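Shown next: input-v6.txt, containing compact mmCIF, C-alpha atoms.
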```
# COMPACT_ATOMS: atom_id res chain seq x y z
CA MET D 1 0.00 0.00 0.00
CA ARG D 2 1.31 3.44 -0.98
CA VAL D 3 1.02 5.64 2.10
CA SER D 4 1.91 9.28 2.71
CA LEU D 5 2.05 10.89 6.14
CA ILE D 6 1.25 14.60 6.21
CA HIS D 7 2.07 15.95 9.66
CA ASN D 8 1.72 19.29 11.39
CA PRO D 9 4.68 19.13 13.82
CA THR D 10 3.34 21.99 15.97
CA ALA D 11 -0.22 20.64 16.35
CA GLY D 12 -1.29 20.15 19.96
CA GLY D 13 1.89 21.79 21.21
CA GLY D 14 4.11 19.50 19.15
CA ASN D 15 3.80 16.61 21.59
CA VAL D 16 3.75 13.92 18.87
CA SER D 17 6.92 13.96 16.80
CA ARG D 18 7.65 12.84 13.27
CA ASP D 19 9.88 10.02 14.54
CA ARG D 20 7.22 8.70 16.91
CA LEU D 21 4.56 8.66 14.20
CA ILE D 22 6.79 6.92 11.67
CA LYS D 23 7.83 4.33 14.25
CA LEU D 24 4.21 3.63 15.18
CA LEU D 25 3.16 3.31 11.55
CA ARG D 26 6.03 0.96 10.69
CA THR D 27 5.18 -1.17 13.73
CA MET D 28 1.65 -1.52 12.31
CA GLY D 29 2.96 -2.52 8.87
CA TYR D 30 2.89 0.84 7.06
CA ASN D 31 5.94 2.35 5.36
CA PRO D 32 4.97 5.98 4.88
CA ARG D 33 6.58 8.79 2.97
CA TYR D 34 6.68 11.86 5.20
CA GLN D 35 6.00 15.53 4.61
CA SER D 36 5.51 18.31 7.13
CA THR D 37 2.76 20.88 6.52
CA LYS D 38 5.48 23.46 7.28
CA ASP D 39 7.53 22.28 4.30
CA PRO D 40 7.55 24.90 1.49
CA GLU D 41 7.03 22.02 -0.94
CA PHE D 42 3.76 20.94 0.69
CA PRO D 43 1.57 19.40 -0.73
CA SER D 44 3.83 17.98 -3.46
CA ILE D 45 3.86 14.56 -1.78
CA LEU D 46 0.18 14.17 -2.69
CA ASP D 47 1.06 14.34 -6.40
CA ASP D 48 2.65 10.89 -6.26
CA PRO D 49 0.61 7.68 -6.71
CA LEU D 50 -1.15 7.10 -3.42
CA ASP D 51 -3.56 4.70 -1.70
CA LEU D 52 -3.82 6.32 1.73
CA ALA D 53 -3.15 9.88 2.89
CA ILE D 54 -2.60 10.16 6.65
CA ALA D 55 -3.43 13.58 8.09
CA ALA D 56 -1.71 13.94 11.48
CA GLY D 57 -2.72 17.28 12.98
CA GLY D 58 -5.80 19.35 13.63
CA ASP D 59 -8.78 20.29 11.48
CA GLY D 60 -6.61 22.59 9.37
CA THR D 61 -4.28 19.71 8.49
CA VAL D 62 -7.19 17.44 7.55
CA THR D 63 -8.59 20.18 5.31
CA LYS D 64 -5.21 20.85 3.66
CA VAL D 65 -4.86 17.18 2.82
CA ALA D 66 -8.44 16.83 1.59
CA VAL D 67 -8.47 19.82 -0.75
CA ASN D 68 -5.12 18.89 -2.29
CA LEU D 69 -5.86 15.23 -3.02
CA PRO D 70 -5.24 14.10 -6.62
CA GLU D 71 -8.07 13.05 -8.92
CA SER D 72 -7.52 9.42 -7.92
CA ASN D 73 -9.06 10.51 -4.57
CA PRO D 74 -7.23 8.15 -2.15
CA ALA D 75 -8.70 7.50 1.28
CA ILE D 76 -7.80 9.74 4.22
CA ALA D 77 -6.85 8.45 7.68
CA ILE D 78 -6.87 11.01 10.51
CA ILE D 79 -4.60 11.09 13.55
CA PRO D 80 -6.10 14.00 15.53
CA LEU D 81 -3.36 16.04 17.18
CA GLY D 82 -4.86 19.54 17.16
CA THR D 83 -6.80 21.64 19.64
CA ALA D 84 -10.45 21.19 18.66
CA ASN D 85 -10.26 18.20 16.27
CA ASN D 86 -13.86 18.84 15.26
CA ILE D 87 -13.79 16.62 12.17
CA ALA D 88 -12.24 13.64 13.93
CA THR D 89 -14.51 14.03 16.97
CA ASP D 90 -17.59 14.16 14.76
CA LEU D 91 -16.48 10.95 13.03
CA GLY D 92 -15.76 9.14 16.30
CA ILE D 93 -11.98 9.13 15.73
CA ILE D 94 -10.89 9.45 19.35
CA GLY D 95 -7.95 7.94 21.22
CA THR D 96 -4.18 7.84 21.32
CA PRO D 97 -2.21 7.69 18.04
CA GLU D 98 -1.47 4.03 18.81
CA GLU D 99 -5.14 3.17 19.31
CA ILE D 100 -6.23 5.04 16.20
CA ILE D 101 -3.62 3.43 13.94
CA GLN D 102 -4.57 -0.01 15.29
CA SER D 103 -8.24 0.71 14.49
CA TRP D 104 -7.51 1.09 10.77
CA ALA D 105 -7.30 -2.69 10.37
CA THR D 106 -11.08 -2.92 10.90
CA ALA D 107 -12.11 0.61 9.93
CA SER D 108 -14.97 1.48 7.63
CA ARG D 109 -14.54 3.70 4.58
CA GLN D 110 -16.91 6.61 5.12
CA SER D 111 -17.87 9.05 2.39
CA PHE D 112 -17.67 12.73 3.35
CA ASP D 113 -19.12 15.67 1.44
CA LEU D 114 -16.91 18.47 0.20
CA TRP D 115 -18.25 22.01 -0.30
CA THR D 116 -17.17 25.20 -2.04
CA ALA D 117 -17.45 28.84 -1.01
CA SER D 118 -17.00 31.38 -3.81
CA GLY D 119 -16.74 35.14 -3.52
CA SER D 120 -14.42 38.08 -4.14
CA TRP D 121 -11.58 35.98 -2.66
CA GLY D 122 -12.00 33.30 -5.32
CA ARG D 123 -13.10 29.72 -4.62
CA ARG D 124 -12.32 27.71 -1.50
CA LEU D 125 -13.15 24.13 -0.60
CA PHE D 126 -14.20 23.31 2.95
CA LEU D 127 -15.11 20.27 5.07
CA GLU D 128 -16.40 21.52 8.42
CA GLY D 129 -18.45 24.54 7.45
CA CYS D 130 -18.30 28.29 7.09
CA GLY D 131 -19.88 31.11 9.01
CA LEU D 132 -20.55 34.73 9.85
CA GLY D 133 -20.92 36.64 13.10
CA MET D 134 -19.66 36.05 16.63
CA LEU D 135 -18.26 32.52 16.17
CA THR D 136 -16.23 33.77 13.22
CA LEU D 137 -15.09 36.89 15.11
CA ALA D 138 -13.97 34.74 18.04
CA ALA D 139 -12.05 32.43 15.69
CA LEU D 140 -10.41 35.44 14.03
CA ASP D 141 -9.41 36.80 17.44
CA MET D 142 -7.76 33.47 18.29
CA HIS D 143 -6.10 33.42 14.87
CA HIS D 144 -4.36 36.73 15.62
CA ARG D 145 -3.31 35.89 19.19
CA GLU D 146 0.08 34.59 20.20
CA ILE D 147 -0.83 31.84 22.67
CA SER D 148 2.05 30.33 24.58
CA VAL D 149 0.16 27.41 26.15
CA SER D 150 0.74 24.04 24.49
CA ASP D 151 -1.88 21.94 26.27
CA PRO D 152 -4.91 21.55 23.94
CA SER D 153 -7.41 21.61 26.82
CA GLU D 154 -5.98 24.92 28.06
CA LYS D 155 -6.13 26.35 24.57
CA LEU D 156 -9.75 25.22 24.25
CA ALA D 157 -10.55 26.97 27.51
CA ILE D 158 -8.99 30.19 26.22
CA ALA D 159 -10.95 29.91 22.97
CA ARG D 160 -14.22 29.47 24.88
CA HIS D 161 -13.39 32.49 27.04
CA VAL D 162 -12.79 34.55 23.90
CA LEU D 163 -16.05 33.29 22.43
CA ARG D 164 -18.00 34.22 25.56
CA LYS D 165 -16.65 37.75 25.36
CA LYS D 166 -17.73 37.99 21.72
CA VAL D 167 -21.19 36.74 22.63
CA MET D 168 -21.49 39.56 25.17
CA GLU D 169 -20.30 42.37 22.89
CA CYS D 170 -21.08 41.29 19.32
CA GLU D 171 -23.59 43.35 17.37
CA PRO D 172 -26.03 41.37 15.22
CA ILE D 173 -25.15 41.38 11.52
CA ALA D 174 -27.60 41.95 8.67
CA VAL D 175 -27.77 38.86 6.45
CA SER D 176 -29.81 37.82 3.45
CA ALA D 177 -29.58 34.14 2.51
CA CYS D 178 -31.23 32.77 -0.60
CA LEU D 179 -31.83 29.00 -0.41
CA GLY D 180 -33.35 28.24 -3.78
CA ASP D 181 -36.97 29.41 -3.54
CA ARG D 182 -36.62 30.55 0.09
CA VAL D 183 -35.07 33.74 1.44
CA ILE D 184 -33.96 34.13 5.06
CA GLU D 185 -33.32 37.72 6.14
CA GLY D 186 -32.62 39.26 9.50
CA HIS D 187 -30.07 40.44 12.03
CA PHE D 188 -28.24 37.47 13.51
CA LEU D 189 -25.61 36.92 16.18
CA PHE D 190 -24.25 34.14 14.02
CA LEU D 191 -25.06 32.22 10.88
CA GLU D 192 -23.26 28.92 10.37
CA MET D 193 -23.34 26.61 7.37
CA LEU D 194 -22.58 23.22 8.90
CA ASN D 195 -21.35 19.99 7.33
CA ILE D 196 -20.65 18.51 10.79
CA GLY D 197 -22.16 19.11 14.23
CA PHE D 198 -19.08 20.65 15.84
CA VAL D 199 -17.84 24.21 15.37
CA GLY D 200 -15.15 26.46 16.86
CA PRO D 201 -13.67 25.31 20.19
CA ARG D 202 -15.35 21.90 19.92
CA LEU D 203 -18.87 23.23 20.45
CA SER D 204 -21.67 20.88 19.49
CA ILE D 205 -24.31 23.42 18.46
CA ALA D 206 -26.40 20.96 16.46
CA SER D 207 -27.75 17.47 16.83
CA LYS D 208 -26.03 14.88 14.68
CA ILE D 209 -25.41 16.21 11.19
CA ASP D 210 -24.77 13.73 8.41
CA PRO D 211 -21.71 14.76 6.34
CA THR D 212 -22.62 12.18 3.70
CA ASP D 213 -26.13 13.29 2.72
CA ARG D 214 -25.10 16.12 0.34
CA TRP D 215 -26.98 18.72 2.39
CA LEU D 216 -25.72 21.61 4.49
CA ASP D 217 -27.43 22.54 7.75
CA LEU D 218 -27.86 26.31 8.05
CA ALA D 219 -27.97 27.40 11.71
CA TYR D 220 -28.66 30.96 12.86
CA LEU D 221 -29.33 32.76 16.12
CA GLU D 222 -31.11 36.07 16.62
CA GLU D 223 -30.47 38.75 19.26
CA GLU D 224 -33.03 37.38 21.72
CA GLY D 225 -31.00 34.17 21.99
CA ARG D 226 -27.92 35.91 23.44
CA SER D 227 -28.70 35.25 27.13
CA ALA D 228 -29.55 31.61 26.50
CA LEU D 229 -26.30 31.14 24.60
CA LEU D 230 -24.30 32.66 27.46
CA GLU D 231 -26.07 30.35 29.91
CA TRP D 232 -25.26 27.36 27.72
CA LEU D 233 -21.58 28.32 27.47
CA ASP D 234 -21.39 28.71 31.26
CA THR D 235 -22.96 25.35 32.04
CA GLU D 236 -21.04 23.54 29.26
CA THR D 237 -23.94 21.16 28.82
CA THR D 238 -23.99 19.14 25.62
CA SER D 239 -27.67 19.90 25.00
CA THR D 240 -28.51 22.97 22.92
CA ASP D 241 -32.23 22.74 23.72
CA ILE D 242 -32.08 26.01 25.69
CA ILE D 243 -30.66 27.96 22.73
CA PRO D 244 -33.25 29.17 20.19
CA ILE D 245 -31.17 28.24 17.15
CA THR D 246 -33.12 27.99 13.89
CA PHE D 247 -32.12 25.39 11.31
CA SER D 248 -32.73 25.11 7.59
CA ARG D 249 -31.25 22.69 5.07
CA CYS D 250 -29.90 23.48 1.63
CA GLN D 251 -27.67 22.22 -1.13
CA GLN D 252 -26.81 25.67 -2.41
CA LEU D 253 -27.22 29.18 -1.07
CA ASN D 254 -26.30 32.74 -1.90
CA LEU D 255 -25.38 35.10 0.91
CA SER D 256 -25.24 38.87 1.24
CA TRP D 257 -24.14 40.57 4.47
CA ARG D 258 -22.31 43.51 6.02
CA LYS D 259 -19.71 44.09 8.73
CA SER D 260 -18.40 40.60 9.34
CA PRO D 261 -15.70 38.48 7.78
CA ILE D 262 -16.73 35.10 6.45
CA ARG D 263 -14.88 32.10 7.84
CA VAL D 264 -14.19 29.34 5.33
CA GLY D 265 -12.34 26.55 7.11
CA ASP D 266 -9.36 28.31 8.70
CA ASP D 267 -9.45 31.30 6.33
CA PHE D 268 -11.13 34.67 6.88
CA PHE D 269 -12.29 37.09 4.17
CA PRO D 270 -11.50 39.88 4.84
CA GLU D 271 -9.31 39.71 7.93
CA THR D 272 -9.40 43.47 8.57
CA ASP D 273 -11.56 46.59 7.96
CA PHE D 274 -14.83 44.65 7.75
CA ASP D 275 -16.41 46.96 10.38
CA ASN D 276 -15.92 50.03 8.21
CA SER D 277 -17.02 48.56 4.90
CA GLN D 278 -20.36 49.83 3.60
CA VAL D 279 -20.24 47.50 0.59
CA PRO D 280 -22.21 44.26 1.06
CA GLN D 281 -20.14 41.10 0.85
CA GLN D 282 -21.48 38.20 -1.14
CA ALA D 283 -20.78 34.49 -1.34
CA GLU D 284 -22.14 31.41 -3.07
CA ILE D 285 -22.01 28.10 -1.21
CA SER D 286 -22.45 24.90 -3.21
CA LEU D 287 -21.71 21.20 -3.18
CA ALA D 288 -18.40 20.16 -4.72
CA PRO D 289 -18.54 17.52 -7.46
CA ARG D 290 -16.43 14.96 -5.60
CA THR D 291 -16.71 13.38 -2.16
CA LEU D 292 -13.97 12.24 0.18
CA THR D 293 -13.35 8.82 1.68
CA ILE D 294 -12.27 8.81 5.33
CA LEU D 295 -11.41 5.83 7.53
CA THR D 296 -13.76 5.74 10.53
CA PRO D 297 -14.23 3.32 13.45
CA LYS D 298 -16.65 0.45 12.98
CA SER D 299 -18.70 1.96 15.80
CA TYR D 300 -19.32 5.21 13.86
CA ASP D 301 -22.97 5.64 12.95
CA ASN D 302 -24.05 8.68 10.93
```
Do you think you could lay out the structure here as structure tokens?
Amino acid sequence: MRVSLIHNPTAGGGNVSRDRLIKLLRTMGYNPRYQSTKDPEFPSILDDPLDLAIAAGGDGTVTKVAVNLPESNPAIAIIPLGTANNIATDLGIIGTPEEIIQSWATASRQSFDLWTASGSWGRRLFLEGCGLGMLTLAALDMHHREISVSDPSEKLAIARHVLRKKVMECEPIAVSACLGDRVIEGHFLFLEMLNIGFVGPRLSIASKIDPTDRWLDLAYLEEEGRSALLEWLDTETTSTDIIPITFSRCQQLNLSWRKSPIRVGDDFFPETDFDNSQVPQQAEISLAPRTLTILTPKSYDN
């Protein structure tokens, strides 16, 4: 089997090294070619003939591997080493690197939808989702911070603290979303287009979302839901029943909004001056023509 290991050596504080991963993989019968995501040549390793692409890192690493796969579309195996690991968590890929690599012997091959977001920035592919409003502003704040802690749980706690502050101070944004023959308009604290149930600092804001059904779940929250959201963040309960989030489903939508960046995966458009812009931003979200194949535990049930 032709295997490539794509590794973010700084993910999760850099606690899992290249040498350790290669040793573990060889012990399990794999002989991977290695490339760091920090290598200027990344993702050239994916151009070679390949049967399995191993993404060892966080959600950003998984996305980088997925969007750069060749047309042969090899399967992806995830070793979650990041802070949130939303994609892996949603797919039930949880455990130590040793446990996860061992699980591949009996793993299922799960399809996974891929989506595109197009706008003035061009076209971007995404796996998790994209969004506007306070969740995006909190993510952008974290993106610009220099955080010295290496422990993922501490970094998650910082991210949730930043998010809580944004919930308290964020002004609702004016959004118009056209979902085929339906139009949703209003002023929302956030609007998230979800392919999985987790978002941001591993927040489960939706019941189980199926990333294989070729539908996006559009979730949005109006101003009157601010207090309930703060209460939910403080209690850290897994149930979102107390938050008045509204959901709609779509396979394509066109967005128009003001005074917020849009978050597409780990990218933000624009990163600055969005508060002062009087020109509406626009985006088109649609299903990509190909799907991914990801190794998941036998116990995973979508």
Give me the residues near Leu24 in chain D as a list in words, where near means some atom within 9 Å (using all atoms listed in the file) and where sequence neighbours in that chain fewer than 5 positions away do not count. Asp19, Gly29, Tyr30, Pro97, Glu98 and Ile101 of chain D
Using all atoms listed in the file, can you tell me which of D:Ala107, D:Val62, D:Leu127, D:Ala228 comes closest to Val167 in chain D? D:Ala228
Residues within 8 Å of (3.2, 9.9, 5.1), file coords, only C-alpha atoms, listed as a ChimeraX atom specification: /D:3-7,32-35,53-54
For Glu223 in chain D: contacts at 8 Å, only C-alpha atoms, fewer than 5 positions along chain excluded, given as a ChimeraX atom specification: /D:172,187-189
Env of Thr61 in chain D: 9 Å cut, atoms = only C-alpha atoms, seq-sep filter 6 positions within chain, self excluded. Answer as a VMD selection string. chain D and resid 6 to 8 11 37 55 82
How far is it from CA of Ile196 in chain D to CA of Lys208 in chain D, in Å with one decimal? 7.6 Å
Using all atoms listed in the file, I'd like a table of the residues in range 152-219 of chain D that come within 10 Å of range 231-251 of chain D; for each, show the closest atom pair and its distance in Å rounded to one decimal, ordered by chain and ascending number, as JSON lines.
```
{"residue": "D:Arg160", "atom": "CA", "partner": "D:Leu233", "partner_atom": "CA", "distance": 7.9}
{"residue": "D:His161", "atom": "CA", "partner": "D:Leu233", "partner_atom": "CA", "distance": 9.2}
{"residue": "D:Leu163", "atom": "CA", "partner": "D:Leu233", "partner_atom": "CA", "distance": 9.0}
{"residue": "D:Arg164", "atom": "CA", "partner": "D:Leu233", "partner_atom": "CA", "distance": 7.2}
{"residue": "D:Val167", "atom": "CA", "partner": "D:Leu233", "partner_atom": "CA", "distance": 9.7}
{"residue": "D:Cys178", "atom": "CA", "partner": "D:Cys250", "partner_atom": "CA", "distance": 9.6}
{"residue": "D:Leu179", "atom": "CA", "partner": "D:Cys250", "partner_atom": "CA", "distance": 6.2}
{"residue": "D:Gly180", "atom": "CA", "partner": "D:Cys250", "partner_atom": "CA", "distance": 8.0}
{"residue": "D:Arg182", "atom": "CA", "partner": "D:Cys250", "partner_atom": "CA", "distance": 9.9}
{"residue": "D:Ile184", "atom": "CA", "partner": "D:Ser248", "partner_atom": "CA", "distance": 9.4}
{"residue": "D:Phe190", "atom": "CA", "partner": "D:Ile245", "partner_atom": "CA", "distance": 9.6}
{"residue": "D:Leu191", "atom": "CA", "partner": "D:Thr246", "partner_atom": "CA", "distance": 9.6}
{"residue": "D:Glu192", "atom": "CA", "partner": "D:Phe247", "partner_atom": "CA", "distance": 9.6}
{"residue": "D:Met193", "atom": "CA", "partner": "D:Arg249", "partner_atom": "CA", "distance": 9.1}
{"residue": "D:Leu194", "atom": "CA", "partner": "D:Arg249", "partner_atom": "CA", "distance": 9.5}
{"residue": "D:Leu203", "atom": "CA", "partner": "D:Thr238", "partner_atom": "CA", "distance": 8.3}
{"residue": "D:Ser204", "atom": "CA", "partner": "D:Thr238", "partner_atom": "CA", "distance": 6.8}
{"residue": "D:Ile205", "atom": "CA", "partner": "D:Thr240", "partner_atom": "CA", "distance": 6.1}
{"residue": "D:Ala206", "atom": "CA", "partner": "D:Thr240", "partner_atom": "CA", "distance": 7.1}
{"residue": "D:Ser207", "atom": "CA", "partner": "D:Thr240", "partner_atom": "CA", "distance": 8.2}
{"residue": "D:Asp213", "atom": "CA", "partner": "D:Gln251", "partner_atom": "CA", "distance": 9.8}
{"residue": "D:Arg214", "atom": "CA", "partner": "D:Gln251", "partner_atom": "CA", "distance": 6.8}
{"residue": "D:Trp215", "atom": "CA", "partner": "D:Gln251", "partner_atom": "CA", "distance": 5.0}
{"residue": "D:Leu216", "atom": "CA", "partner": "D:Cys250", "partner_atom": "CA", "distance": 5.4}
{"residue": "D:Asp217", "atom": "CA", "partner": "D:Arg249", "partner_atom": "CA", "distance": 4.7}
{"residue": "D:Leu218", "atom": "CA", "partner": "D:Ser248", "partner_atom": "CA", "distance": 5.0}
{"residue": "D:Ala219", "atom": "CA", "partner": "D:Phe247", "partner_atom": "CA", "distance": 4.6}
```
Selected residue, from D:Gly58, D:Thr96, D:Ser260, D:Ser111, that lies nearest to Thr272 in chain D when counting all atoms listed in the file: D:Ser260
Of the residues D:Gly131, D:Gly119, D:Pro43, D:Pro74, which is the one nearest to Gly265 in chain D, using all atoms listed in the file?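 For Gly265 in chain D, the nearest of the candidates is D:Gly131.
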May I ask which of the residues D:Val65, D:Ala105, D:Leu52, D:Ile94 is the closest one to Ser36 in chain D, counting only C-alpha atoms? D:Val65
Write a file for range 96-107 of chain D of the given structure; include N, CA, C and O atoms and format it as a tab-separated table (two decimals), in the first residue's frame.
```
chain	number	residue	atom	x	y	z
D	96	THR	N	-5.60	7.56	21.50
D	96	THR	CA	-4.18	7.84	21.32
D	96	THR	C	-3.79	7.53	19.87
D	96	THR	O	-4.50	6.77	19.18
D	97	PRO	N	-2.66	8.06	19.39
D	97	PRO	CA	-2.21	7.69	18.04
D	97	PRO	C	-2.09	6.18	17.86
D	97	PRO	O	-2.46	5.64	16.81
D	98	GLU	N	-1.60	5.48	18.91
D	98	GLU	CA	-1.47	4.03	18.81
D	98	GLU	C	-2.83	3.37	18.59
D	98	GLU	O	-2.99	2.51	17.71
D	99	GLU	N	-3.80	3.76	19.40
D	99	GLU	CA	-5.14	3.17	19.31
D	99	GLU	C	-5.78	3.45	17.96
D	99	GLU	O	-6.44	2.57	17.37
D	100	ILE	N	-5.60	4.67	17.47
D	100	ILE	CA	-6.23	5.04	16.20
D	100	ILE	C	-5.60	4.27	15.04
D	100	ILE	O	-6.31	3.75	14.17
D	101	ILE	N	-4.29	4.17	15.03
D	101	ILE	CA	-3.62	3.43	13.94
D	101	ILE	C	-4.03	1.96	13.98
D	101	ILE	O	-4.28	1.35	12.93
D	102	GLN	N	-4.13	1.39	15.17
D	102	GLN	CA	-4.57	-0.01	15.29
D	102	GLN	C	-5.98	-0.19	14.75
D	102	GLN	O	-6.31	-1.23	14.16
D	103	SER	N	-6.84	0.82	14.91
D	103	SER	CA	-8.24	0.71	14.49
D	103	SER	C	-8.40	0.65	12.98
D	103	SER	O	-9.44	0.22	12.48
D	104	TRP	N	-7.38	1.08	12.23
D	104	TRP	CA	-7.51	1.09	10.77
D	104	TRP	C	-7.68	-0.30	10.18
D	104	TRP	O	-8.23	-0.46	9.09
D	105	ALA	N	-7.21	-1.31	10.89
D	105	ALA	CA	-7.30	-2.69	10.37
D	105	ALA	C	-8.75	-3.11	10.18
D	105	ALA	O	-9.06	-3.93	9.30
D	106	THR	N	-9.66	-2.55	11.00
D	106	THR	CA	-11.08	-2.92	10.90
D	106	THR	C	-11.97	-1.72	10.56
D	106	THR	O	-13.19	-1.79	10.70
D	107	ALA	N	-11.35	-0.62	10.15
D	107	ALA	CA	-12.11	0.61	9.93
D	107	ALA	C	-13.03	0.53	8.72
D	107	ALA	O	-12.80	-0.24	7.78
```
